[in-house]
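Participant: Dumping the structure here so I can ask a few things about it.
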Amino acid sequence: MIRLCNIYKSLGDFKLKNINLTIEDNEYFVILGPTGTGKTVILEVIAGMYKPDHGEVWLNERNVTEEYPESRHIGFVYQDYMLFPHLNVEENILFALKLKKTPAKIMKEKLERMATLLNINHLLQRYPATLSGGEQQRTAIARALVAEPDVLLLDEPLSALDPRSKEVFQQELKQIHRQIKTTTIHITHDFNEALVLADRMGIMCNGEIVQVGSPEDVFHKPCSQFVATFVGMENIFNGIISDESDARQVRIGPVQLRVASNLLGKVRVAIRSEDIIIAEDKLSSSAQNILPASITEIVPRGPFFKLFLDAGIPLVALVTRQAIDEMRLEPGKNVWAVFKTAAVHVF
Amino acid sequence: MKLYASLGANNKLAVRNRLFQALVVSVILILFAFMFSALANIVWKGLAGLLHTITSKEIQFAIRLSLFTSFTSTLICVVFAIPVAYGLERFNFPGRRFINVILDIPLSLPPLVSGVALLLLFGTTSFGQALAAHGLRFIFSVNGIILAQFFIITPYMVRVLKSTIADINPRLEFVARTLGSSQWQAFYKVTLPLAKNGIIAGLVISWSRAIGEFGCALMVAGATRMVTETLPVALYLNMSIGDLEMAMASATCLIVISLFSLFIFEMLGGKQSLVSRIT
């Protein structure tokens with residue numbers, strides 16, 4: 001278990017502010033945040049490269065704030081791997097075991113196990129400079145895991161890989177974690193990575209952890225505009241909830257939306273673009289929010305199309321190519337934008 | 001018509017460009033001719049006499065003394081320079097910048113001034129006298145040559161090593177420490193092997209500086225024939241009594257040593273950046 005209590009650290013332009021975080025045993029925890037918000041510094045504080053200006057680091061019920069990195073039993077994998085360039089892959093992996101003067105037979109067994117786990121058996125005699133990014137990444141992870149650390153820290157482990165190997169390696173990371181179950185903190189700026197890998201995640205912004213929860217929680221119930229924008233919420237508005245009866249409504253400019261929230265007064269409202277359904281006719285459904293809208297623009301986005309709508313407020317909806325063809329959607333056409341009360345997030 | 005006009009303009013441009021290129025190349029050639037003829041002349045004349053003079057006791061003494069003092073001073077220098085460069089580059093402590101500045105001063109100081117400084121420190125202070133009383137005499141002795149060489153070359157070595165160590169990512173050592181190494185082990189197993197080329201380059205540069213050191217050693221150790229007579233001193237002494245053959249033999253030895261160290265330096269990957277940083 002890792003516990004960070006009240007951590008403050010300023011380091012050049014980076015600042016960590018009041019970090020409080022508990023990561024359970026065997027958990028895969030992802031810290032998500034834009035580049036340059038001090039995510040790497042958190043890992044370096046946990047691993048002991050920097051002492052926090054204030055606060056404590058606890059590992060497995062032991063206060064390690066004053067301990068040296070070599071006594072913390074932490075595996076650290078940097079974004080740019082930091083393999084020892086003067087050692088080949090095998091020597092890199094065995095670095096920790098040789099320091100501990102492990103018997104040759106045990107070393108050989110562990111090396112084989114790690115190399116198989118990470119699929120780098122054929123690379124053992126090569127030097128880091130001759131390896132691809134993905135191969136270096138595997139070596140760096142093997143080197144960290146062979147020492148059987150209590151905690152594995154991964155600093156943007158996938159960001160340097162091309163999209164295809166990224167997807168493959170993402171799955172492998174998940175497999176590896178299932179097998180060896182080492183408590184892991186993984187840092188990334190890519191929400192999809194977090195979605196696939198995280199048991200829980202924390203969102204970081206300007207040196208602070210602003211939200212912690214399961215990926216579903218964070219995705220569906222962002223607690224602030226920053227989190228909402230960061231996880232890809234397109235439709236964010238200022239609104240007012242005035243005290244009314246049971247059927248609560250939020251007013252956004254000329255539009256009233258049904259919401260389920262206890263908040264009152266000025267609020268922020270967010271709706272995921274994929275939660276908005278486009279209909280040609282005013283259909284009757286369980287969805288409580290039905291707005292007349294006209295299409296202003298259609299923009300391709302990956303396998304989908306982004307529909308910019310004018311419904312009194314600007315809305316963005318995500319539809320498939322098929323939907324566009326079948327409904328003959330085009331700029332200027334009048335449609336209905338439909339979404340459930342539960343899709344309107346208020347914070 | 002238009003085509004011809006543009007062709008004419010193009011020709012004009014071609015002429016101008018050619019002129020510019022010719023100018024640059026001729027400046028290069030002038031400088032090269034100047035340097036090369038100076039060196040070739042002395043080597044040519046020196047080599048002729050070298051076979052004859054190399055058997056002379058005096059030149060043999062000078063070569064032996066130069067090799068002994070330069071190797072000794074370089075060795076002592078590296079023992080100091082590695083920890084100093086490492087500490088100045090990696091540790092943060094009060095006064096670090098000030099120490100950096102002081103260590104750089106001998107680089108820009110005329111060697112004669114350094115020599116006087118050493119002469120005064122070891123000759124006139126109680127510190128120097130205490131050392132002399134315990135048998136460590138520097139003034140007018142071979143020890144003085146080594147001291148002078150050490151004083152002159154160590155700042156160079158520190159500079160080369162600092163830039164070498166600065167190029168090694170400190171995170172490598174940090175990763176080594178998360179894998180269980182102590183600070184010393186991380187230095188010894190990671191940073192030191194990675195600094196190998198820089199250390200060799202620094203050794204070669206410092207050694208060739210040491211062997212050519214004249215002004216500072218002259219002040220501290222004097223120029224006594226067959227006692228403190230290194231190759232540069234032999235050159236100076238023989239020049240002053242008009243023995244051109246002996247003088248040029250010493251000069252040739254020094255040029256050969258310079259060429260040799262330059263060659264090794266280039267072999268270590270040209271180290272363009274290293275050279276530019278220390279000069």
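Please note that chains go A, B, ... in the order of the structure tokens, that every chain numbers its residues from 1, and that ligands are numbered from 1 in the order shown.
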Set the distance at 10 Å and use only C-alpha atoms: which residues neighbour stretch 48-59 of chain A once local chain neighbours fewer than 3 positions away are removed? I'd like the list as a ChimeraX atom specification.
Facilitator: /A:1-11,16-23,41-45,62-74,150-151 /B:171,174-175,177-178
Participant: Dump C-alpha atoms for the selected residues as a PDB file, in the first residue's frame?
Facilitator:
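As a result, again.pdb now contains:
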ATOM      1  CA  MET A   1       0.000   0.000   0.000  1.00  0.00           C
ATOM      2  CA  ILE A   2       1.214   3.495  -0.811  1.00  0.00           C
ATOM      3  CA  ARG A   3       0.035   6.458   1.173  1.00  0.00           C
ATOM      4  CA  LEU A   4       0.913  10.042   0.374  1.00  0.00           C
ATOM      5  CA  CYS A   5       0.002  12.498   3.108  1.00  0.00           C
ATOM      6  CA  ASN A   6      -0.043  16.223   2.503  1.00  0.00           C
ATOM      7  CA  ILE A   7       2.817  16.195   0.037  1.00  0.00           C
ATOM      8  CA  TYR A   8       4.158  19.554  -1.092  1.00  0.00           C
ATOM      9  CA  LYS A   9       7.130  19.884  -3.383  1.00  0.00           C
ATOM     10  CA  SER A  10       8.276  22.679  -5.617  1.00  0.00           C
ATOM     11  CA  LEU A  11      10.950  21.993  -8.148  1.00  0.00           C
ATOM     12  CA  LEU A  16       3.016  19.507  -6.069  1.00  0.00           C
ATOM     13  CA  LYS A  17       0.311  20.839  -3.818  1.00  0.00           C
ATOM     14  CA  ASN A  18      -1.321  18.996  -0.974  1.00  0.00           C
ATOM     15  CA  ILE A  19      -1.201  15.534  -2.509  1.00  0.00           C
ATOM     16  CA  ASN A  20      -3.198  13.021  -0.478  1.00  0.00           C
ATOM     17  CA  LEU A  21      -3.531   9.625  -2.048  1.00  0.00           C
ATOM     18  CA  THR A  22      -3.907   6.047  -0.913  1.00  0.00           C
ATOM     19  CA  ILE A  23      -3.172   3.231  -3.310  1.00  0.00           C
ATOM     20  CA  VAL A  41       7.683  14.586  -9.780  1.00  0.00           C
ATOM     21  CA  ILE A  42       5.079  12.625  -7.797  1.00  0.00           C
ATOM     22  CA  LEU A  43       6.760   9.380  -8.842  1.00  0.00           C
ATOM     23  CA  GLU A  44      10.201  10.751  -8.049  1.00  0.00           C
ATOM     24  CA  VAL A  45       9.021  11.776  -4.603  1.00  0.00           C
ATOM     25  CA  ARG A  62       6.329   2.194   6.897  1.00  0.00           C
ATOM     26  CA  ASN A  63       7.163   5.887   6.828  1.00  0.00           C
ATOM     27  CA  VAL A  64       9.866   6.087   4.151  1.00  0.00           C
ATOM     28  CA  THR A  65       9.997   9.872   3.798  1.00  0.00           C
ATOM     29  CA  GLU A  66      13.551   9.972   5.125  1.00  0.00           C
ATOM     30  CA  GLU A  67      14.730   6.729   3.520  1.00  0.00           C
ATOM     31  CA  TYR A  68      17.129   6.474   0.594  1.00  0.00           C
ATOM     32  CA  PRO A  69      15.826   5.201  -2.753  1.00  0.00           C
ATOM     33  CA  GLU A  70      17.872   2.006  -2.460  1.00  0.00           C
ATOM     34  CA  SER A  71      15.974   0.849   0.630  1.00  0.00           C
ATOM     35  CA  ARG A  72      12.446   1.541  -0.623  1.00  0.00           C
ATOM     36  CA  HIS A  73      11.958  -1.538  -2.876  1.00  0.00           C
ATOM     37  CA  ILE A  74      10.513   0.413  -5.742  1.00  0.00           C
ATOM     38  CA  ASP A 150       6.772  -3.754  -3.633  1.00  0.00           C
ATOM     39  CA  VAL A 151       5.681  -1.000  -5.965  1.00  0.00           C
TER      40      VAL A 151
ATOM     41  CA  ARG B 171      18.301   9.731 -13.765  1.00  0.00           C
ATOM     42  CA  PHE B 174      18.699   7.317  -9.763  1.00  0.00           C
ATOM     43  CA  VAL B 175      17.356   4.222 -11.536  1.00  0.00           C
ATOM     44  CA  ARG B 177      19.603   3.377  -6.818  1.00  0.00           C
ATOM     45  CA  THR B 178      16.002   2.201  -7.028  1.00  0.00           C
TER      46      THR B 178
END
Participant: Counting only C-alpha atoms, collect the residues of chain A whose closest atom lies at most 12 Å from chain B, and write them out as a PyMOL selection string.
Facilitator: chain A and resi 40+43-50+67-87+91-101+140-153
Participant: I need the strand (DSSP E or B) residues of stretch 28-261 of chain A per DSSP on the backbone, written as a PyMOL selection string.
Facilitator: chain A and resi 28-32+54-59+62-63+74-77+151-155+183-188+200-205+208-213+235-241+249-252+255-258
Participant: Looking only at the backbone, which of the residues in stretch 60-228 of chain A does DSSP tag as alpha helix (DSSP H), as a VMD selection string?
Facilitator: chain A and resid 89 to 99 104 to 117 133 to 145 163 to 180 191 to 197 215 to 220 225 to 228
Participant: Save out the residues we just selected, C-alpha atoms, as a PDB file, in the first residue's frame.
Facilitator:
ATOM      1  CA  VAL A  89      19.914  -6.285 -22.126  1.00  0.00           C
ATOM      2  CA  GLU A  90      20.834  -9.239 -19.930  1.00  0.00           C
ATOM      3  CA  GLU A  91      23.217  -7.170 -17.805  1.00  0.00           C
ATOM      4  CA  ASN A  92      20.617  -4.435 -17.509  1.00  0.00           C
ATOM      5  CA  ILE A  93      18.002  -6.880 -16.265  1.00  0.00           C
ATOM      6  CA  LEU A  94      20.403  -8.557 -13.848  1.00  0.00           C
ATOM      7  CA  PHE A  95      21.708  -5.269 -12.422  1.00  0.00           C
ATOM      8  CA  ALA A  96      19.703  -5.473  -9.197  1.00  0.00           C
ATOM      9  CA  LEU A  97      20.330  -9.192  -8.656  1.00  0.00           C
ATOM     10  CA  LYS A  98      24.091  -8.836  -9.131  1.00  0.00           C
ATOM     11  CA  LEU A  99      24.154  -6.073  -6.530  1.00  0.00           C
ATOM     12  CA  ALA A 104      24.057 -17.642 -10.532  1.00  0.00           C
ATOM     13  CA  LYS A 105      21.452 -20.385 -10.772  1.00  0.00           C
ATOM     14  CA  ILE A 106      18.673 -18.269  -9.294  1.00  0.00           C
ATOM     15  CA  MET A 107      19.721 -15.323 -11.444  1.00  0.00           C
ATOM     16  CA  LYS A 108      19.430 -17.463 -14.544  1.00  0.00           C
ATOM     17  CA  GLU A 109      15.973 -18.666 -13.589  1.00  0.00           C
ATOM     18  CA  LYS A 110      14.719 -15.183 -12.853  1.00  0.00           C
ATOM     19  CA  LEU A 111      16.226 -13.793 -16.032  1.00  0.00           C
ATOM     20  CA  GLU A 112      14.510 -16.473 -18.070  1.00  0.00           C
ATOM     21  CA  ARG A 113      11.191 -15.887 -16.374  1.00  0.00           C
ATOM     22  CA  MET A 114      11.339 -12.115 -16.920  1.00  0.00           C
ATOM     23  CA  ALA A 115      12.540 -12.392 -20.492  1.00  0.00           C
ATOM     24  CA  THR A 116       9.684 -14.759 -21.273  1.00  0.00           C
ATOM     25  CA  LEU A 117       7.119 -12.629 -19.486  1.00  0.00           C
ATOM     26  CA  GLY A 133      11.495   2.015 -28.339  1.00  0.00           C
ATOM     27  CA  GLY A 134       9.158  -0.848 -27.533  1.00  0.00           C
ATOM     28  CA  GLU A 135      12.028  -3.272 -26.943  1.00  0.00           C
ATOM     29  CA  GLN A 136      13.751  -0.784 -24.648  1.00  0.00           C
ATOM     30  CA  GLN A 137      10.505  -0.348 -22.771  1.00  0.00           C
ATOM     31  CA  ARG A 138      10.195  -4.109 -22.242  1.00  0.00           C
ATOM     32  CA  THR A 139      13.777  -4.295 -21.044  1.00  0.00           C
ATOM     33  CA  ALA A 140      13.262  -1.427 -18.623  1.00  0.00           C
ATOM     34  CA  ILE A 141      10.164  -3.086 -17.177  1.00  0.00           C
ATOM     35  CA  ALA A 142      11.968  -6.432 -16.886  1.00  0.00           C
ATOM     36  CA  ARG A 143      14.856  -4.714 -15.117  1.00  0.00           C
ATOM     37  CA  ALA A 144      12.468  -3.128 -12.627  1.00  0.00           C
ATOM     38  CA  LEU A 145      10.363  -6.251 -12.033  1.00  0.00           C
ATOM     39  CA  PRO A 163      -0.304   3.556 -32.036  1.00  0.00           C
ATOM     40  CA  ARG A 164      -0.238  -0.144 -32.978  1.00  0.00           C
ATOM     41  CA  SER A 165       2.454  -1.286 -30.575  1.00  0.00           C
ATOM     42  CA  LYS A 166       0.834   0.942 -27.986  1.00  0.00           C
ATOM     43  CA  GLU A 167      -2.379  -1.036 -28.146  1.00  0.00           C
ATOM     44  CA  VAL A 168      -0.546  -4.357 -28.022  1.00  0.00           C
ATOM     45  CA  PHE A 169       1.663  -3.322 -25.148  1.00  0.00           C
ATOM     46  CA  GLN A 170      -1.255  -1.863 -23.239  1.00  0.00           C
ATOM     47  CA  GLN A 171      -2.875  -5.299 -23.240  1.00  0.00           C
ATOM     48  CA  GLU A 172       0.407  -6.883 -22.206  1.00  0.00           C
ATOM     49  CA  LEU A 173       0.800  -4.505 -19.286  1.00  0.00           C
ATOM     50  CA  LYS A 174      -2.637  -5.606 -18.148  1.00  0.00           C
ATOM     51  CA  GLN A 175      -1.687  -9.275 -18.504  1.00  0.00           C
ATOM     52  CA  ILE A 176       1.565  -8.764 -16.633  1.00  0.00           C
ATOM     53  CA  HIS A 177      -0.197  -6.998 -13.817  1.00  0.00           C
ATOM     54  CA  ARG A 178      -2.735  -9.817 -13.575  1.00  0.00           C
ATOM     55  CA  GLN A 179       0.111 -12.300 -13.259  1.00  0.00           C
ATOM     56  CA  ILE A 180       2.441 -10.609 -10.809  1.00  0.00           C
ATOM     57  CA  PHE A 191      -7.470   9.052 -21.114  1.00  0.00           C
ATOM     58  CA  ASN A 192      -7.937   5.858 -23.137  1.00  0.00           C
ATOM     59  CA  GLU A 193      -4.917   4.298 -21.486  1.00  0.00           C
ATOM     60  CA  ALA A 194      -6.434   5.026 -18.105  1.00  0.00           C
ATOM     61  CA  LEU A 195      -9.756   3.641 -19.209  1.00  0.00           C
ATOM     62  CA  VAL A 196      -8.215   0.326 -20.290  1.00  0.00           C
ATOM     63  CA  LEU A 197      -5.718  -0.172 -17.486  1.00  0.00           C
ATOM     64  CA  PRO A 215     -12.455   5.385 -14.683  1.00  0.00           C
ATOM     65  CA  GLU A 216     -16.238   5.137 -15.063  1.00  0.00           C
ATOM     66  CA  ASP A 217     -16.773   7.586 -12.223  1.00  0.00           C
ATOM     67  CA  VAL A 218     -14.332  10.088 -13.597  1.00  0.00           C
ATOM     68  CA  PHE A 219     -15.597   9.668 -17.121  1.00  0.00           C
ATOM     69  CA  HIS A 220     -19.254   9.976 -16.323  1.00  0.00           C
ATOM     70  CA  GLN A 225     -14.685  21.756 -15.836  1.00  0.00           C
ATOM     71  CA  PHE A 226     -10.995  20.877 -16.088  1.00  0.00           C
ATOM     72  CA  VAL A 227     -11.688  17.176 -15.633  1.00  0.00           C
ATOM     73  CA  ALA A 228     -14.638  17.317 -18.001  1.00  0.00           C
TER      74      ALA A 228
END
Participant: Choose the residue, out of A:Val346, A:Pro314, A:Glu156, A:Gly38, that has the smallest atom-to-atom separation from A:Arg248; count only C-alpha atoms.
Facilitator: A:Val346
Participant: Show me, as a PyMOL selection string, the residues that have an atom within 8 Å of B:Ala195 when counting only C-alpha atoms, minus same-chain residues fewer than 3 positions from it.
Facilitator: chain B and resi 161+164-165+168+191-192+198-199
Participant: Taking only C-alpha atoms into account, name the residue in B:Phe214, B:Phe32, B:Phe93, B:Tyr188 that is nearest to B:Gln149.
Facilitator: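 Closest to B:Gln149, using only C-alpha atoms: B:Phe214.
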Participant: Please provide the set of residues having any atom within 9 Å of B:Leu262, restricted to only C-alpha atoms, with same-chain residues fewer than 3 positions apart removed, written as an MDAnalysis selection string.
Facilitator: chainID B and resid 204:205 208 257:259 265:267
Participant: Keeping only N, CA and C atoms, write the selected residues to a file as an mmCIF file, in the first residue's frame.
Facilitator:
data_model
loop_
_atom_site.group_PDB
_atom_site.id
_atom_site.type_symbol
_atom_site.label_atom_id
_atom_site.label_comp_id
_atom_site.auth_asym_id
_atom_site.auth_seq_id
_atom_site.Cartn_x
_atom_site.Cartn_y
_atom_site.Cartn_z
ATOM 1 N N VAL B 204 44.536 12.524 -21.990
ATOM 2 C CA VAL B 204 45.443 12.816 -23.099
ATOM 3 C C VAL B 204 45.731 14.309 -23.183
ATOM 4 N N ILE B 205 44.653 15.104 -23.109
ATOM 5 C CA ILE B 205 44.805 16.563 -23.186
ATOM 6 C C ILE B 205 45.668 17.080 -22.037
ATOM 7 N N SER B 208 49.386 16.061 -22.418
ATOM 8 C CA SER B 208 50.161 16.806 -23.417
ATOM 9 C C SER B 208 50.375 18.250 -22.960
ATOM 10 N N ILE B 257 55.023 14.594 -29.774
ATOM 11 C CA ILE B 257 54.117 14.276 -28.664
ATOM 12 C C ILE B 257 52.752 14.949 -28.870
ATOM 13 N N SER B 258 52.771 16.199 -29.325
ATOM 14 C CA SER B 258 51.500 16.893 -29.578
ATOM 15 C C SER B 258 50.690 16.182 -30.650
ATOM 16 N N LEU B 259 51.372 15.818 -31.743
ATOM 17 C CA LEU B 259 50.678 15.139 -32.834
ATOM 18 C C LEU B 259 50.054 13.845 -32.340
ATOM 19 N N PHE B 265 43.180 11.906 -29.421
ATOM 20 C CA PHE B 265 41.994 12.691 -29.128
ATOM 21 C C PHE B 265 40.966 12.558 -30.252
ATOM 22 N N GLU B 266 41.465 12.652 -31.501
ATOM 23 C CA GLU B 266 40.570 12.527 -32.646
ATOM 24 C C GLU B 266 39.987 11.123 -32.728
ATOM 25 N N MET B 267 40.804 10.135 -32.359
ATOM 26 C CA MET B 267 40.346 8.747 -32.404
ATOM 27 C C MET B 267 39.167 8.525 -31.465
#
Participant: Tell me which protein, DNA and RNA residues are within 9 Å of B:Thr72, counting only C-alpha atoms, leaving out same-chain ones fewer than 5 positions away, and put them as a list in words.
Facilitator: Leu67, Cys77, Ile146 and Phe150 of chain B
Participant: Would you mind exporting C-alpha atoms of the selected residues as a compact mmCIF listing (two decimals), in the first residue's frame?
Facilitator:
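Result went into selection_2.txt, see below:
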# COMPACT_ATOMS: atom_id res chain seq x y z
CA LEU B 67 57.78 11.66 -19.19
CA CYS B 77 45.41 15.31 -11.41
CA ILE B 146 55.13 18.11 -10.90
CA PHE B 150 49.41 19.70 -11.66
Participant: Residues near stretch 220-230 of chain B, anyone? I mean within 7 Å using only C-alpha atoms, not counting same-chain ones fewer than 4 positions away, as a PyMOL selection string.
Facilitator: chain B and resi 58+61-63+65-66+115+118-119+139-142+144-145+148+216+234
Participant: Taking only C-alpha atoms into account, name the residue in B:Phe91, B:Phe263, B:Tyr156, B:Phe20 that is nearest to B:Leu103.
Facilitator: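 Ranked by minimum distance to B:Leu103, first place goes to B:Tyr156.
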Participant: With only C-alpha atoms as the counted atoms, please give the residues lying no more than 9 Å from B:Thr154, apart from itself and same-chain residues fewer than 6 positions off, as a ChimeraX atom specification.
Facilitator: /B:73-74,76-78,80-81,103,206
Participant: Please write the residues from the selection above to a file, keeping C-alpha atoms, as a short mmCIF file (atom, residue, chain, number, x, y, z; two decimals), in the first residue's frame.
Facilitator:
data_model
loop_
_atom_site.label_atom_id
_atom_site.label_comp_id
_atom_site.auth_asym_id
_atom_site.auth_seq_id
_atom_site.Cartn_x
_atom_site.Cartn_y
_atom_site.Cartn_z
CA SER B 73 51.20 15.02 -12.42
CA THR B 74 48.50 13.64 -14.74
CA ILE B 76 47.56 12.99 -9.35
CA CYS B 77 45.41 15.31 -11.41
CA VAL B 78 42.90 12.61 -12.34
CA PHE B 80 41.55 14.93 -7.78
CA ALA B 81 39.63 15.85 -10.91
CA LEU B 103 38.93 26.54 -10.18
CA SER B 206 46.12 17.09 -19.67
#
Participant: Suppose you want the space between atom CA of A:Val338 and atom CA of A:Arg301; what is it in Å?
Facilitator: 21.0 Å
